[in-house]
Amino acid sequence: MLYREQIRYKSRKEIEKLRTAGRLAANALRTAARAAKPGVSLLELDKIAETFIRKHGAVPNFKGYHGFPGTLCTSVNDKVVHGIPTNYILQEGDVIAIDCGCRIDGFNGDTCLTVGVGQISEQAKMLIQTTQLAMFVGIEQCRPGLRLGDMATAVQTFAEERGYSIVREYIGHGIGRDLHEDPQVVYADQRPGTGFRMEPGMTITIEPILNTGSQKCIVEADGWTVRTQDGGLSAQFEHAVAITKDGPDILSIPDPEFELEDGL
């Protein structure tokens, strides 16, 4: 394995191990997302994901990470990221971002999606759709020779032209044997042609967070849960991606039987 500017470049074999972990995390995530219906608690979703992960020979990599208590991060409505699973009962019209990770054979998977609970507002639908598309705009920029600034500018322009703000404090990262590795991956306030250069062997997460209102956030008293300062809705999508000579290779695609009805 080569090291350059603290970035850990992965071999083909290591990338396949990351794909195995990413696929398992994606399958567990969608199993929990299917259960996100009115009347179901966040703790129930967390149990579903943990049971799935352990049944398949892996361990939840969020649980115990710097003291985090859950298998999932469950962020509802104005919650931005790192929502702790609690006894909160999902309500019709809620929007929930579910972030899931696991570790198997020494490598980590990490992926997130946002879904509506029952019937949701048009505002919520547009936020979810735009956030997912913003993630894919970022992934499309994960090509050799392009730089972080090119990717971040593309994502920020896409989101802001559609009336959404991008959270600055919570960003993407490298992924491998460690859940969080270099480089840091930001999605706003960069200039094209600046930042680290995309190179084959890099494995990073693309995970923009979009808000309907201000980008500003507040950390709640539990020390983990982050919410929007103005009470606006928030959404996040995340894939782990390997940079290859042919472009981006998404490592957290679920098996077909775990796809949600809306194709997420």
# chains A, B, ... in the order shown; residues from 1 in each chain; ligands from 1
call {"tool": "residues_around", "arguments": {"residues": "range 12-24 of chain A", "least_positions_apart": "3", "cutoff": "6 Å", "atoms": "only C-alpha atoms", "output": "PyMOL selection string"}}
result
chain A and resi 27+104+107-109+251-254
call {"tool": "residues_around", "arguments": {"residues": "Phe68 in chain A", "least_positions_apart": "6", "cutoff": "8 Å", "atoms": "only C-alpha atoms", "output": "list of chain:residue names"}}
result
A:Phe62, A:Ile84, A:Trp224
call {"tool": "select_by_dssp", "arguments": {"residues": "range 31-219 of chain A", "states": "alpha helix (DSSP H)", "output": "JSON, numbers by chain"}}
result
{"A": [31, 32, 33, 34, 42, 43, 44, 45, 46, 47, 48, 49, 50, 51, 52, 53, 54, 55, 122, 123, 124, 125, 126, 127, 128, 129, 130, 131, 132, 133, 134, 135, 136, 137, 138, 139, 140, 148, 149, 150, 151, 152, 153, 154, 155, 156, 157, 158, 159, 160, 161]}
call {"tool": "write_last_selection", "arguments": {"atoms": "C-alpha atoms", "output": "PDB file, in the first residue's frame"}}
result
ATOM      1  CA  THR A  31     -33.502  -3.234   5.371  1.00  0.00           C
ATOM      2  CA  ALA A  32     -33.856  -0.570   8.069  1.00  0.00           C
ATOM      3  CA  ALA A  33     -35.209   2.012   5.605  1.00  0.00           C
ATOM      4  CA  ARG A  34     -38.008  -0.362   4.540  1.00  0.00           C
ATOM      5  CA  LEU A  42     -35.717   4.766  15.966  1.00  0.00           C
ATOM      6  CA  LEU A  43     -34.464   2.098  18.375  1.00  0.00           C
ATOM      7  CA  GLU A  44     -36.393  -0.520  16.406  1.00  0.00           C
ATOM      8  CA  LEU A  45     -34.673   0.573  13.201  1.00  0.00           C
ATOM      9  CA  ASP A  46     -31.335   0.407  14.966  1.00  0.00           C
ATOM     10  CA  LYS A  47     -31.994  -3.136  16.160  1.00  0.00           C
ATOM     11  CA  ILE A  48     -33.008  -4.242  12.669  1.00  0.00           C
ATOM     12  CA  ALA A  49     -29.741  -2.948  11.208  1.00  0.00           C
ATOM     13  CA  GLU A  50     -27.524  -4.381  13.942  1.00  0.00           C
ATOM     14  CA  THR A  51     -29.174  -7.795  13.720  1.00  0.00           C
ATOM     15  CA  PHE A  52     -28.688  -7.840   9.941  1.00  0.00           C
ATOM     16  CA  ILE A  53     -25.041  -6.815  10.137  1.00  0.00           C
ATOM     17  CA  ARG A  54     -24.115  -9.360  12.803  1.00  0.00           C
ATOM     18  CA  LYS A  55     -26.058 -12.124  11.054  1.00  0.00           C
ATOM     19  CA  GLU A 122     -43.651  18.284  -1.846  1.00  0.00           C
ATOM     20  CA  GLN A 123     -40.955  20.367  -0.169  1.00  0.00           C
ATOM     21  CA  ALA A 124     -39.557  17.220   1.485  1.00  0.00           C
ATOM     22  CA  LYS A 125     -39.729  15.218  -1.760  1.00  0.00           C
ATOM     23  CA  MET A 126     -37.790  17.871  -3.654  1.00  0.00           C
ATOM     24  CA  LEU A 127     -35.170  18.104  -0.911  1.00  0.00           C
ATOM     25  CA  ILE A 128     -34.619  14.333  -0.949  1.00  0.00           C
ATOM     26  CA  GLN A 129     -34.432  14.155  -4.739  1.00  0.00           C
ATOM     27  CA  THR A 130     -32.058  17.105  -5.009  1.00  0.00           C
ATOM     28  CA  THR A 131     -29.755  15.801  -2.281  1.00  0.00           C
ATOM     29  CA  GLN A 132     -29.465  12.412  -3.963  1.00  0.00           C
ATOM     30  CA  LEU A 133     -28.704  14.087  -7.288  1.00  0.00           C
ATOM     31  CA  ALA A 134     -26.110  16.349  -5.621  1.00  0.00           C
ATOM     32  CA  MET A 135     -24.327  13.224  -4.397  1.00  0.00           C
ATOM     33  CA  PHE A 136     -24.234  11.836  -7.938  1.00  0.00           C
ATOM     34  CA  VAL A 137     -22.976  15.172  -9.269  1.00  0.00           C
ATOM     35  CA  GLY A 138     -20.081  14.787  -6.836  1.00  0.00           C
ATOM     36  CA  ILE A 139     -19.476  11.160  -7.771  1.00  0.00           C
ATOM     37  CA  GLU A 140     -19.315  12.071 -11.466  1.00  0.00           C
ATOM     38  CA  LEU A 148     -11.396  18.444  -4.898  1.00  0.00           C
ATOM     39  CA  GLY A 149     -12.216  22.020  -5.875  1.00  0.00           C
ATOM     40  CA  ASP A 150     -13.761  20.859  -9.145  1.00  0.00           C
ATOM     41  CA  MET A 151     -16.009  18.385  -7.346  1.00  0.00           C
ATOM     42  CA  ALA A 152     -16.985  20.759  -4.541  1.00  0.00           C
ATOM     43  CA  THR A 153     -17.794  23.571  -6.975  1.00  0.00           C
ATOM     44  CA  ALA A 154     -20.002  21.268  -9.051  1.00  0.00           C
ATOM     45  CA  VAL A 155     -21.943  20.092  -5.979  1.00  0.00           C
ATOM     46  CA  GLN A 156     -22.324  23.560  -4.485  1.00  0.00           C
ATOM     47  CA  THR A 157     -23.452  25.093  -7.767  1.00  0.00           C
ATOM     48  CA  PHE A 158     -25.995  22.323  -8.337  1.00  0.00           C
ATOM     49  CA  ALA A 159     -27.489  22.685  -4.842  1.00  0.00           C
ATOM     50  CA  GLU A 160     -27.543  26.461  -4.607  1.00  0.00           C
ATOM     51  CA  GLU A 161     -29.018  26.954  -8.076  1.00  0.00           C
TER      52      GLU A 161
END
call {"tool": "residues_around", "arguments": {"residues": "Gly231 in chain A", "least_positions_apart": "2", "cutoff": "10 Å", "atoms": "only C-alpha atoms", "output": "PyMOL selection string"}}
result
chain A and resi 77-79+211-214+217+227-229+233-234
call {"tool": "closest_residue", "arguments": {"among": "A:Thr225, A:Thr111, A:Ser165, A:Gln190", "to": "Asn61 in chain A", "atoms": "only C-alpha atoms"}}
result
A:Thr111
